[in-house]
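Student: File follows, model-v1.cif with mmCIF, C-alpha atoms:
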data_start
#
loop_
_atom_site.label_atom_id
_atom_site.label_comp_id
_atom_site.auth_asym_id
_atom_site.auth_seq_id
_atom_site.Cartn_x
_atom_site.Cartn_y
_atom_site.Cartn_z
CA MET V 1 -78.10 23.82 3.12
CA ASN V 2 -75.49 26.50 3.87
CA ARG V 3 -72.00 26.94 2.47
CA ARG V 4 -70.24 25.37 5.45
CA ALA V 5 -72.41 22.24 5.33
CA LEU V 6 -71.79 21.88 1.59
CA ALA V 7 -68.04 22.25 2.14
CA ALA V 8 -68.13 19.56 4.82
CA LEU V 9 -70.18 17.26 2.56
CA THR V 10 -67.73 17.79 -0.31
CA THR V 11 -64.78 16.99 1.93
CA VAL V 12 -66.47 13.79 3.10
CA VAL V 13 -67.30 12.73 -0.50
CA VAL V 14 -63.73 13.37 -1.74
CA ALA V 15 -62.24 11.58 1.27
CA ALA V 16 -64.64 8.66 0.72
CA ILE V 17 -63.63 8.33 -2.95
CA VAL V 18 -59.94 8.28 -2.02
CA VAL V 19 -60.36 5.89 0.91
CA VAL V 20 -62.55 3.47 -1.09
CA ALA V 21 -60.04 3.49 -3.97
CA VAL V 22 -57.13 2.73 -1.64
CA VAL V 23 -59.02 0.04 0.27
CA VAL V 24 -60.37 -1.66 -2.88
CA TYR V 25 -56.91 -1.64 -4.47
CA PHE V 26 -54.95 -2.93 -1.49
CA ARG V 27 -57.53 -5.53 -0.50
CA GLY V 28 -56.77 -7.01 -3.92
CA PRO V 29 -58.96 -8.59 -6.54
CA THR V 30 -60.33 -11.27 -4.25
CA ARG V 31 -62.80 -8.93 -2.60
CA GLY V 32 -62.83 -6.05 -5.03
CA SER V 33 -64.60 -7.62 -8.00
CA VAL V 34 -66.41 -5.13 -10.18
CA GLN V 35 -67.73 -7.38 -12.92
CA VAL V 36 -68.55 -11.07 -13.09
CA ALA V 37 -68.03 -13.33 -16.09
CA SER V 38 -69.30 -16.80 -16.93
CA GLN V 39 -67.27 -19.93 -17.67
CA PRO V 40 -66.26 -20.32 -21.34
CA PRO V 41 -66.37 -23.58 -23.27
CA VAL V 42 -63.06 -25.42 -23.52
CA VAL V 43 -62.72 -25.16 -27.31
CA GLY V 44 -63.78 -22.18 -29.43
CA LYS V 45 -64.59 -22.18 -33.12
CA ALA V 46 -61.26 -20.65 -34.24
CA GLN V 47 -59.26 -23.02 -36.44
CA GLU V 48 -55.85 -22.78 -38.04
CA GLY V 49 -56.16 -21.92 -41.74
CA LYS V 50 -59.67 -20.52 -41.34
CA THR V 51 -60.74 -16.89 -41.13
CA ALA V 52 -60.20 -15.50 -37.62
CA PRO V 53 -63.45 -14.80 -35.76
CA GLN V 54 -64.06 -11.08 -35.42
CA PHE V 55 -63.72 -9.41 -32.02
CA ALA V 56 -63.13 -5.97 -30.58
CA VAL V 57 -61.95 -5.13 -27.08
CA ALA V 58 -60.79 -2.15 -25.03
CA THR V 59 -57.12 -2.77 -24.19
CA THR V 60 -54.62 -1.00 -22.00
CA ALA V 61 -53.22 0.59 -25.18
CA GLY V 62 -56.59 1.68 -26.55
CA TYR V 63 -59.46 0.19 -28.50
CA PHE V 64 -58.61 -2.84 -30.64
CA ASP V 65 -60.84 -3.98 -33.50
CA LEU V 66 -59.63 -7.00 -35.49
CA SER V 67 -61.57 -5.92 -38.59
CA LYS V 68 -59.83 -2.54 -38.66
CA THR V 69 -56.20 -3.56 -38.32
CA ARG V 70 -54.00 -4.05 -41.36
CA LYS V 71 -51.11 -5.66 -39.51
CA PRO V 72 -50.73 -9.31 -38.47
CA VAL V 73 -52.22 -9.87 -35.02
CA PHE V 74 -50.87 -11.81 -32.04
CA VAL V 75 -53.77 -12.82 -29.77
CA GLU V 76 -53.38 -14.44 -26.37
CA VAL V 77 -56.30 -15.68 -24.30
CA PHE V 78 -55.05 -15.96 -20.73
CA ALA V 79 -56.20 -16.56 -17.19
CA THR V 80 -54.64 -14.53 -14.38
CA TRP V 81 -54.50 -17.61 -12.12
CA CYS V 82 -52.76 -19.78 -14.75
CA PRO V 83 -49.03 -20.31 -13.98
CA HIS V 84 -48.30 -21.05 -17.66
CA CYS V 85 -49.81 -17.67 -18.58
CA GLN V 86 -47.83 -15.99 -15.82
CA ARG V 87 -44.57 -17.43 -17.16
CA GLU V 88 -45.61 -16.70 -20.75
CA THR V 89 -45.75 -12.96 -19.97
CA ALA V 90 -41.94 -12.72 -20.10
CA ILE V 91 -41.89 -14.45 -23.50
CA ILE V 92 -44.64 -12.28 -24.96
CA ASP V 93 -42.96 -9.16 -23.58
CA ARG V 94 -39.79 -10.12 -25.52
CA LEU V 95 -41.81 -10.72 -28.69
CA TYR V 96 -43.67 -7.44 -28.17
CA ALA V 97 -40.38 -5.54 -27.85
CA LYS V 98 -39.18 -7.11 -31.10
CA TYR V 99 -42.34 -6.96 -33.23
CA ARG V 100 -44.52 -4.19 -31.77
CA ASN V 101 -44.07 -1.95 -34.81
CA ARG V 102 -45.04 -4.66 -37.29
CA VAL V 103 -47.56 -6.78 -35.37
CA GLU V 104 -50.59 -5.88 -33.25
CA PHE V 105 -50.49 -7.60 -29.86
CA VAL V 106 -53.57 -8.14 -27.73
CA ALA V 107 -53.94 -10.36 -24.67
CA VAL V 108 -57.52 -10.95 -23.52
CA SER V 109 -58.64 -12.33 -20.18
CA GLY V 110 -60.58 -15.56 -20.63
CA SER V 111 -61.52 -16.93 -17.24
CA ASP V 112 -64.04 -16.00 -14.61
CA THR V 113 -61.63 -17.05 -11.86
CA ALA V 114 -59.20 -14.55 -10.36
CA MET V 115 -55.46 -14.82 -9.69
CA ASP V 116 -55.98 -16.43 -6.28
CA GLY V 117 -57.69 -19.36 -8.03
CA THR V 118 -60.90 -19.14 -6.02
CA SER V 119 -62.61 -15.75 -6.29
CA THR V 120 -64.24 -14.13 -9.31
CA SER V 121 -62.11 -12.37 -11.90
CA SER V 122 -62.57 -8.66 -12.48
CA GLU V 123 -60.98 -5.64 -14.09
CA LEU V 124 -59.07 -5.12 -10.86
CA ASP V 125 -57.80 -8.69 -10.99
CA VAL V 126 -56.41 -8.07 -14.49
CA LEU V 127 -54.91 -4.76 -13.33
CA ASP V 128 -53.22 -6.58 -10.47
CA TRP V 129 -51.90 -9.19 -12.91
CA ILE V 130 -50.45 -6.51 -15.23
CA ARG V 131 -48.73 -4.85 -12.30
CA HIS V 132 -47.54 -8.07 -10.68
CA PHE V 133 -45.96 -9.51 -13.85
CA ASN V 134 -44.90 -6.13 -15.27
CA VAL V 135 -46.78 -6.81 -18.51
CA LYS V 136 -45.88 -4.36 -21.29
CA TYR V 137 -48.11 -5.55 -24.15
CA PRO V 138 -51.76 -4.44 -24.53
CA VAL V 139 -54.15 -6.33 -22.27
CA ALA V 140 -57.95 -6.37 -22.23
CA TYR V 141 -60.37 -7.47 -19.55
CA ASP V 142 -63.25 -9.25 -21.25
CA PRO V 143 -66.15 -9.69 -18.80
CA THR V 144 -68.25 -11.45 -21.48
CA LEU V 145 -65.50 -14.01 -22.22
CA ASN V 146 -66.45 -13.55 -25.88
CA VAL V 147 -62.87 -13.83 -27.15
CA ALA V 148 -62.26 -16.94 -25.04
CA ASN V 149 -65.48 -18.47 -26.39
CA LEU V 150 -64.14 -17.91 -29.91
CA TYR V 151 -60.45 -18.74 -29.54
CA LEU V 152 -59.75 -20.97 -26.55
CA GLN V 153 -58.23 -24.32 -27.60
CA GLY V 154 -58.63 -26.38 -24.48
CA GLY V 155 -56.15 -24.65 -22.20
CA PHE V 156 -54.56 -21.42 -21.05
CA PRO V 157 -52.84 -19.65 -22.59
CA THR V 158 -54.19 -20.05 -26.10
CA ILE V 159 -52.19 -18.10 -28.68
CA ALA V 160 -53.37 -17.27 -32.19
CA ILE V 161 -51.36 -15.48 -34.87
CA ILE V 162 -53.50 -13.94 -37.58
CA GLY V 163 -52.16 -12.87 -40.98
CA THR V 164 -53.00 -9.67 -42.80
CA ASP V 165 -55.53 -11.74 -44.82
CA LYS V 166 -57.32 -12.41 -41.47
CA LYS V 167 -56.57 -16.14 -41.71
CA ILE V 168 -55.32 -17.88 -38.57
CA ARG V 169 -51.76 -18.89 -39.35
CA TYR V 170 -50.85 -20.29 -35.92
CA LEU V 171 -53.05 -21.59 -33.10
CA ASP V 172 -51.98 -23.51 -30.04
CA ASP V 173 -52.47 -23.65 -26.32
CA GLY V 174 -50.21 -24.24 -23.33
CA GLU V 175 -46.84 -22.78 -22.42
CA ILE V 176 -45.22 -22.09 -25.77
CA ALA V 177 -41.50 -21.47 -26.20
CA TYR V 178 -40.11 -18.17 -27.46
CA GLY V 179 -38.47 -19.80 -30.50
CA GLU V 180 -41.72 -21.34 -31.73
CA LEU V 181 -43.67 -18.08 -31.49
CA ASP V 182 -40.80 -16.08 -32.95
CA SER V 183 -40.65 -18.45 -35.90
CA ALA V 184 -44.45 -18.25 -36.40
CA LEU V 185 -44.32 -14.44 -36.36
CA ARG V 186 -41.42 -14.36 -38.84
CA SER V 187 -43.37 -16.69 -41.11
CA VAL V 188 -46.44 -14.40 -41.01
CA LEU V 189 -44.30 -11.35 -41.75
CA ARG V 190 -42.62 -12.94 -44.78
CA MET L 1 -67.39 39.08 -17.82
CA ASN L 2 -69.84 37.00 -15.76
CA ALA L 3 -71.27 35.44 -18.92
CA ALA L 4 -67.77 34.64 -20.22
CA VAL L 5 -66.90 32.93 -16.93
CA LEU L 6 -70.12 30.92 -17.17
CA VAL L 7 -69.19 29.77 -20.69
CA LEU L 8 -65.69 28.79 -19.51
CA ARG L 9 -67.17 26.94 -16.53
CA ILE L 10 -69.48 24.95 -18.80
CA LEU L 11 -66.68 24.14 -21.26
CA LEU L 12 -64.22 23.09 -18.57
CA GLY L 13 -66.89 21.20 -16.62
CA GLY L 14 -67.95 19.42 -19.81
CA VAL L 15 -64.38 18.36 -20.56
CA LEU L 16 -63.97 17.01 -17.02
CA LEU L 17 -67.34 15.21 -17.06
CA ALA L 18 -66.50 13.59 -20.41
CA ALA L 19 -62.97 12.67 -19.30
CA GLY L 20 -64.18 11.22 -15.98
CA GLY L 21 -67.28 9.50 -17.38
CA LEU L 22 -65.37 7.74 -20.15
CA LYS L 23 -62.83 6.40 -17.64
CA VAL L 24 -65.35 4.93 -15.17
CA GLY L 25 -65.19 1.12 -15.17
CA HIS L 26 -61.85 1.04 -16.99
CA ALA L 27 -59.46 1.15 -14.05
CA SER L 28 -56.94 -1.27 -15.56
CA SER L 29 -56.75 0.64 -18.85
CA LEU L 30 -56.31 3.93 -17.01
CA ALA L 31 -53.68 2.43 -14.69
CA ALA L 32 -51.74 1.14 -17.69
CA SER L 33 -51.95 4.58 -19.33
CA ILE L 34 -50.64 6.23 -16.15
CA ALA L 35 -47.93 3.58 -15.81
CA ASP L 36 -46.81 4.27 -19.40
CA PHE L 37 -45.58 7.70 -18.27
CA ARG L 38 -43.15 6.04 -15.81
CA LEU L 39 -43.53 8.80 -13.26
CA LEU L 40 -45.43 7.17 -10.39
CA PRO L 41 -44.89 3.99 -8.33
CA ALA L 42 -47.36 1.10 -8.81
CA ALA L 43 -48.71 1.53 -5.26
CA VAL L 44 -49.94 5.01 -6.23
CA ILE L 45 -51.10 4.17 -9.77
CA GLY L 46 -53.75 1.61 -8.76
CA PRO L 47 -55.68 3.75 -6.25
CA LEU L 48 -55.25 6.81 -8.51
CA ALA L 49 -56.76 4.93 -11.47
CA LEU L 50 -59.74 3.94 -9.33
CA ALA L 51 -60.34 7.38 -7.81
CA LEU L 52 -59.46 9.79 -10.63
CA PRO L 53 -62.58 9.31 -12.81
CA TYR L 54 -64.90 10.07 -9.88
CA LEU L 55 -62.83 13.07 -8.77
CA GLU L 56 -62.97 14.44 -12.33
CA LEU L 57 -66.75 13.94 -12.42
CA LEU L 58 -67.12 15.76 -9.10
CA LEU L 59 -64.88 18.63 -10.21
CA GLY L 60 -66.76 18.94 -13.51
CA ALA L 61 -70.14 19.01 -11.78
CA TYR L 62 -68.97 21.68 -9.29
CA LEU L 63 -67.60 23.86 -12.09
CA ILE L 64 -70.82 23.69 -14.10
CA ALA L 65 -72.94 24.34 -11.01
CA GLY L 66 -70.65 27.16 -9.89
CA LEU L 67 -70.27 25.67 -6.44
CA PHE L 68 -67.01 26.52 -4.63
CA THR L 69 -66.06 27.84 -8.04
CA ARG L 70 -62.75 29.43 -7.08
CA ILE L 71 -61.44 26.28 -5.37
CA ALA L 72 -62.83 23.95 -8.06
CA ALA L 73 -61.28 26.05 -10.84
CA ALA L 74 -57.94 26.24 -9.03
CA LEU L 75 -57.94 22.45 -8.60
CA ALA L 76 -58.85 22.00 -12.28
CA ALA L 77 -55.99 24.35 -13.27
CA PHE L 78 -53.61 22.32 -11.09
CA GLU L 79 -54.87 19.04 -12.62
CA PHE L 80 -54.48 20.26 -16.20
CA LEU L 81 -50.99 21.60 -15.41
CA ILE L 82 -49.98 18.20 -13.99
CA TYR L 83 -51.28 16.53 -17.18
CA ALA L 84 -49.34 19.01 -19.34
CA VAL L 85 -46.11 18.39 -17.40
CA ALA L 86 -46.55 14.59 -17.49
CA ILE L 87 -47.25 14.57 -21.24
CA ALA L 88 -44.39 16.97 -21.98
CA SER L 89 -42.00 14.79 -19.98
CA ALA L 90 -43.13 11.69 -21.94
CA VAL L 91 -42.63 13.49 -25.25
CA MET L 92 -39.19 14.76 -24.23
CA ARG L 93 -38.14 11.30 -23.02
CA ARG L 94 -39.49 9.84 -26.30
CA ILE L 95 -41.81 7.46 -24.42
CA PRO L 96 -44.68 6.32 -26.67
CA ALA L 97 -47.28 6.76 -23.91
CA GLY L 98 -50.97 6.67 -24.76
CA CYS L 99 -52.75 9.80 -23.60
CA GLY L 100 -55.69 7.91 -22.07
CA CYS L 101 -57.31 11.30 -21.54
CA PHE L 102 -60.82 10.20 -22.52
CA GLY L 103 -60.94 6.52 -21.57
CA PRO L 104 -59.71 3.34 -23.27
CA LYS L 105 -61.05 4.30 -26.71
CA ASP L 106 -58.81 7.37 -26.73
CA THR L 107 -55.83 5.85 -28.55
CA ALA L 108 -54.03 9.13 -29.25
CA LEU L 109 -50.38 9.17 -28.23
CA ALA L 110 -49.06 11.87 -25.91
CA ASP L 111 -47.68 14.68 -28.05
CA TRP L 112 -47.08 18.45 -28.05
CA PRO L 113 -50.63 19.33 -29.20
CA HIS L 114 -51.90 17.53 -26.08
CA VAL L 115 -49.52 19.62 -23.96
CA ALA L 116 -50.84 22.80 -25.61
CA PHE L 117 -54.45 21.65 -25.09
CA ASP L 118 -53.87 20.99 -21.38
CA LEU L 119 -52.06 24.31 -20.93
CA ALA L 120 -54.99 26.10 -22.60
CA LEU L 121 -57.41 24.32 -20.24
CA ALA L 122 -55.20 25.23 -17.26
CA ALA L 123 -55.16 28.88 -18.37
CA ALA L 124 -58.96 28.90 -18.81
CA SER L 125 -59.33 27.36 -15.34
CA GLY L 126 -57.04 30.07 -13.98
CA VAL L 127 -59.27 32.74 -15.50
CA VAL L 128 -62.34 31.14 -13.88
CA ALA L 129 -60.56 30.94 -10.51
CA PHE L 130 -59.60 34.63 -10.78
CA ALA L 131 -63.03 35.90 -11.90
CA ALA L 132 -65.22 33.38 -10.02
CA PRO L 133 -68.05 32.65 -9.70
CA GLY L 134 -69.56 34.08 -12.92
CA ALA L 135 -73.21 34.04 -13.91
CA LEU L 136 -75.76 31.42 -12.80
CA ALA L 137 -73.53 30.09 -10.02
CA VAL L 138 -74.72 28.35 -6.87
CA ASP L 139 -72.06 30.40 -5.06
CA ARG L 140 -74.12 33.56 -5.71
CA VAL L 141 -77.20 31.98 -4.10
CA LEU L 142 -75.18 30.80 -1.10
CA ARG L 143 -73.77 34.29 -0.54
CA ARG L 144 -77.30 35.64 -0.22
CA VAL L 145 -78.29 33.03 2.38
#
So, in terms of structure tokens, how does the structure I just supplied come out?

Tutor:
Amino acid sequence: MNRRALAALTTVVVAAIVVVAVVVYFRGPTRGSVQVASQPPVVGKAQEGKTAPQFAVATTAGYFDLSKTRKPVFVEVFATWCPHCQRETAIIDRLYAKYRNRVEFVAVSGSDTAMDGTSTSSELDVLDWIRHFNVKYPVAYDPTLNVANLYLQGGFPTIAIIGTDKKIRYLDDGEIAYGELDSALRSVLR
Amino acid sequence: MNAAVLVLRILLGGVLLAAGGLKVGHASSLAASIADFRLLPAAVIGPLALALPYLELLLGAYLIAGLFTRIAAALAAFEFLIYAVAIASAVMRRIPAGCGCFGPKDTALADWPHVAFDLALAAASGVVAFAAPGALAVDRVLRRV
């Protein structure tokens, strides 16, 4: 192969990478799935007052390992298609702005269904969700649904607040008001 | 000089291969890291997060192989300069942006040592571009064909 042919091949490969990236992104998560997850059970083994089940995930703010943090932890298990979770983003963003220096926040995807409610969830689906709802707090895509298996309490979103002693101090599901979560966080920080 | 250029090519190529390889499959993390810098619109961030790891892998492989060395090194210098400028702007604006340089496990925040590191890599890439192709380069074989 001569130099000119290699240059042409390189140009084609670079152009293909760029075109595929643009097409995959703008076609949205419905047809751009990169990983498939399985359906979690409705209720995980996490219980208020008990030791929080260990998990570690790669978030948008870096690697998070529950066993290695010394701060209280705010965990949300969400589904991108869930309207309650979509509305909850504004509440969690406010809490994150207020407590980010004293509490670790991590939201973990917990459904194998994407934002459109029909196709399979994926890393791109979660990316689209972050962008669409302007999410500021750390978010992780969990293709194994491991965290959902451990923490989900029957519905999305499920929110757990874990104390520095690794005990679950607050655990509930559904659309939860700012005041209730703010009060739970203040209680953990006391 | 040729041996020194070869060493620089391997170092720079290794950095790019590691940076690209550790980002593959983590498009959302990378997009969030890019978004943290508040420099690019969302419509650009998504495709960039999907394409960048593969472009870095390609650039790293070309540098190590010594194929189109001058162009590859110039592009690498440009890339490292862009990173340095972006990180410096985040530091100066006091934005706590995660570097995200080596995938989602890289939790280091953007700071001045990162700027210095990227400037050093840009300078090394500039040297390679100037003195290309160096020893054991595919470019040398192609010239003979």

Student: Taking (-49.7, -9.0, -30.0) as a centre in this file's frame and 7 Å as the limit, can you find every polymer residue with an atom that close, using all atoms listed in the file, and give them as a PyMOL selection string?

Tutor: chain V and resi 73-75+96+103-107+137

Student: Any chance you could export the current selection's C-alpha atoms as an mmCIF file, in the frame of the given file?

Tutor:
data_model
loop_
_atom_site.group_PDB
_atom_site.id
_atom_site.type_symbol
_atom_site.label_atom_id
_atom_site.label_comp_id
_atom_site.auth_asym_id
_atom_site.auth_seq_id
_atom_site.Cartn_x
_atom_site.Cartn_y
_atom_site.Cartn_z
ATOM 1 C CA VAL V 73 -52.220 -9.870 -35.020
ATOM 2 C CA PHE V 74 -50.870 -11.810 -32.040
ATOM 3 C CA VAL V 75 -53.770 -12.820 -29.770
ATOM 4 C CA TYR V 96 -43.670 -7.440 -28.170
ATOM 5 C CA VAL V 103 -47.560 -6.780 -35.370
ATOM 6 C CA GLU V 104 -50.590 -5.880 -33.250
ATOM 7 C CA PHE V 105 -50.490 -7.600 -29.860
ATOM 8 C CA VAL V 106 -53.570 -8.140 -27.730
ATOM 9 C CA ALA V 107 -53.940 -10.360 -24.670
ATOM 10 C CA TYR V 137 -48.110 -5.550 -24.150
#

Student: What does the structure give for the distance between atom CA of Leu22 of chain L and atom CA of Gly103 of chain L, in Å to one decimal?

Tutor: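 That distance, rounded to one decimal, is 4.8 Å.
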
Student: Using only C-alpha atoms, which of the listed residues (V:Gly62, V:Val14, V:Gly110, V:Ile161) sits closest to Phe102 of chain L?

Tutor: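 Closest residue, counting only C-alpha atoms: V:Gly62.
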
Student: For Ala46 of chain V, work out the shell of residues within 8 Å, counting all atoms listed in the file and skipping chain neighbours fewer than 6 positions away, then give it as a ChimeraX atom specification.

Tutor: /V:52-53,150-152,168

Student: For chain V, work out the contacting residues on chain L at 10 Å, counting all atoms listed in the file, and write them as a VMD selection string.

Tutor: chain L and resid 25 to 33 35 to 36 42 to 55 58 62 67 to 68 97 to 100 103 to 109 138 to 139 141 to 143 145

Student: At most 8 Å from (-53.6, -14.5, -9.7), file frame, all atoms listed in the file: which residues, as a count of residues only?

Tutor: 10

Student: Between L:Val115, L:Leu59, L:Ala123, L:Ile71, which has the minimum distance to Tyr83 of chain L (counting all atoms listed in the file)?

Tutor: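 Under the stated criterion, the closest residue is L:Val115.
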
Student: Got a sec to resolve the PyMOL selection byres ((chain L and resi 90) around 10) on this structure and send the residues as an mmCIF file with C-alpha atoms, keeping the file's coordinate frame?

Tutor:
data_model
loop_
_atom_site.group_PDB
_atom_site.id
_atom_site.type_symbol
_atom_site.label_atom_id
_atom_site.label_comp_id
_atom_site.auth_asym_id
_atom_site.auth_seq_id
_atom_site.Cartn_x
_atom_site.Cartn_y
_atom_site.Cartn_z
ATOM 1 C CA ASP L 36 -46.810 4.270 -19.400
ATOM 2 C CA PHE L 37 -45.580 7.700 -18.270
ATOM 3 C CA ARG L 38 -43.150 6.040 -15.810
ATOM 4 C CA LEU L 39 -43.530 8.800 -13.260
ATOM 5 C CA ALA L 84 -49.340 19.010 -19.340
ATOM 6 C CA VAL L 85 -46.110 18.390 -17.400
ATOM 7 C CA ALA L 86 -46.550 14.590 -17.490
ATOM 8 C CA ILE L 87 -47.250 14.570 -21.240
ATOM 9 C CA ALA L 88 -44.390 16.970 -21.980
ATOM 10 C CA SER L 89 -42.000 14.790 -19.980
ATOM 11 C CA VAL L 91 -42.630 13.490 -25.250
ATOM 12 C CA MET L 92 -39.190 14.760 -24.230
ATOM 13 C CA ARG L 93 -38.140 11.300 -23.020
ATOM 14 C CA ARG L 94 -39.490 9.840 -26.300
ATOM 15 C CA ILE L 95 -41.810 7.460 -24.420
ATOM 16 C CA PRO L 96 -44.680 6.320 -26.670
ATOM 17 C CA ALA L 97 -47.280 6.760 -23.910
ATOM 18 C CA GLY L 98 -50.970 6.670 -24.760
ATOM 19 C CA CYS L 99 -52.750 9.800 -23.600
ATOM 20 C CA LEU L 109 -50.380 9.170 -28.230
ATOM 21 C CA ALA L 110 -49.060 11.870 -25.910
ATOM 22 C CA ASP L 111 -47.680 14.680 -28.050
ATOM 23 C CA TRP L 112 -47.080 18.450 -28.050
#

Student: Once the PyMOL selection byres ((chain L and resi 124) around 10) has been applied to the shown file, what residues remain in the selection, as a ChimeraX atom specification?

Tutor: /L:5,8-9,11-12,73,76-77,118-123,125-130

Student: Considering all atoms listed in the file, can you say which of V:Thr158, V:Asn101, V:Gln54, V:Ser67 comes closest to Ile176 of chain V?

Tutor: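 Looking only at the distances to Ile176 of chain V, the closest residue turns out to be V:Thr158.
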
Student: Could you list the residues chosen by the PyMOL selection byres ((chain L and resi 19) around 9) in this structure as an MDAnalysis selection string?

Tutor: chainID L and resid 14:18 20:23 53 56:57 101:103

Student: Atom CA of Asp93 of chain V and atom CA of Pro143 of chain V are how many Å apart?

Tutor: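 Atom CA of Pro143 of chain V lies 23.7 Å from atom CA of Asp93 of chain V.
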
Student: Could you please determine the separation between atom CA of Thr120 of chain V and atom CA of Thr89 of chain V in Å, to one decimal place?

Tutor: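 Taking atom CA of Thr120 of chain V as the start and atom CA of Thr89 of chain V as the end point, the length is 21.4 Å.
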
Student: Looking at V:Asp112, V:Lys71, V:Thr11, V:Pro157, which one is nearest to Leu145 of chain V, with distances taken over only C-alpha atoms?

Tutor: V:Asp112
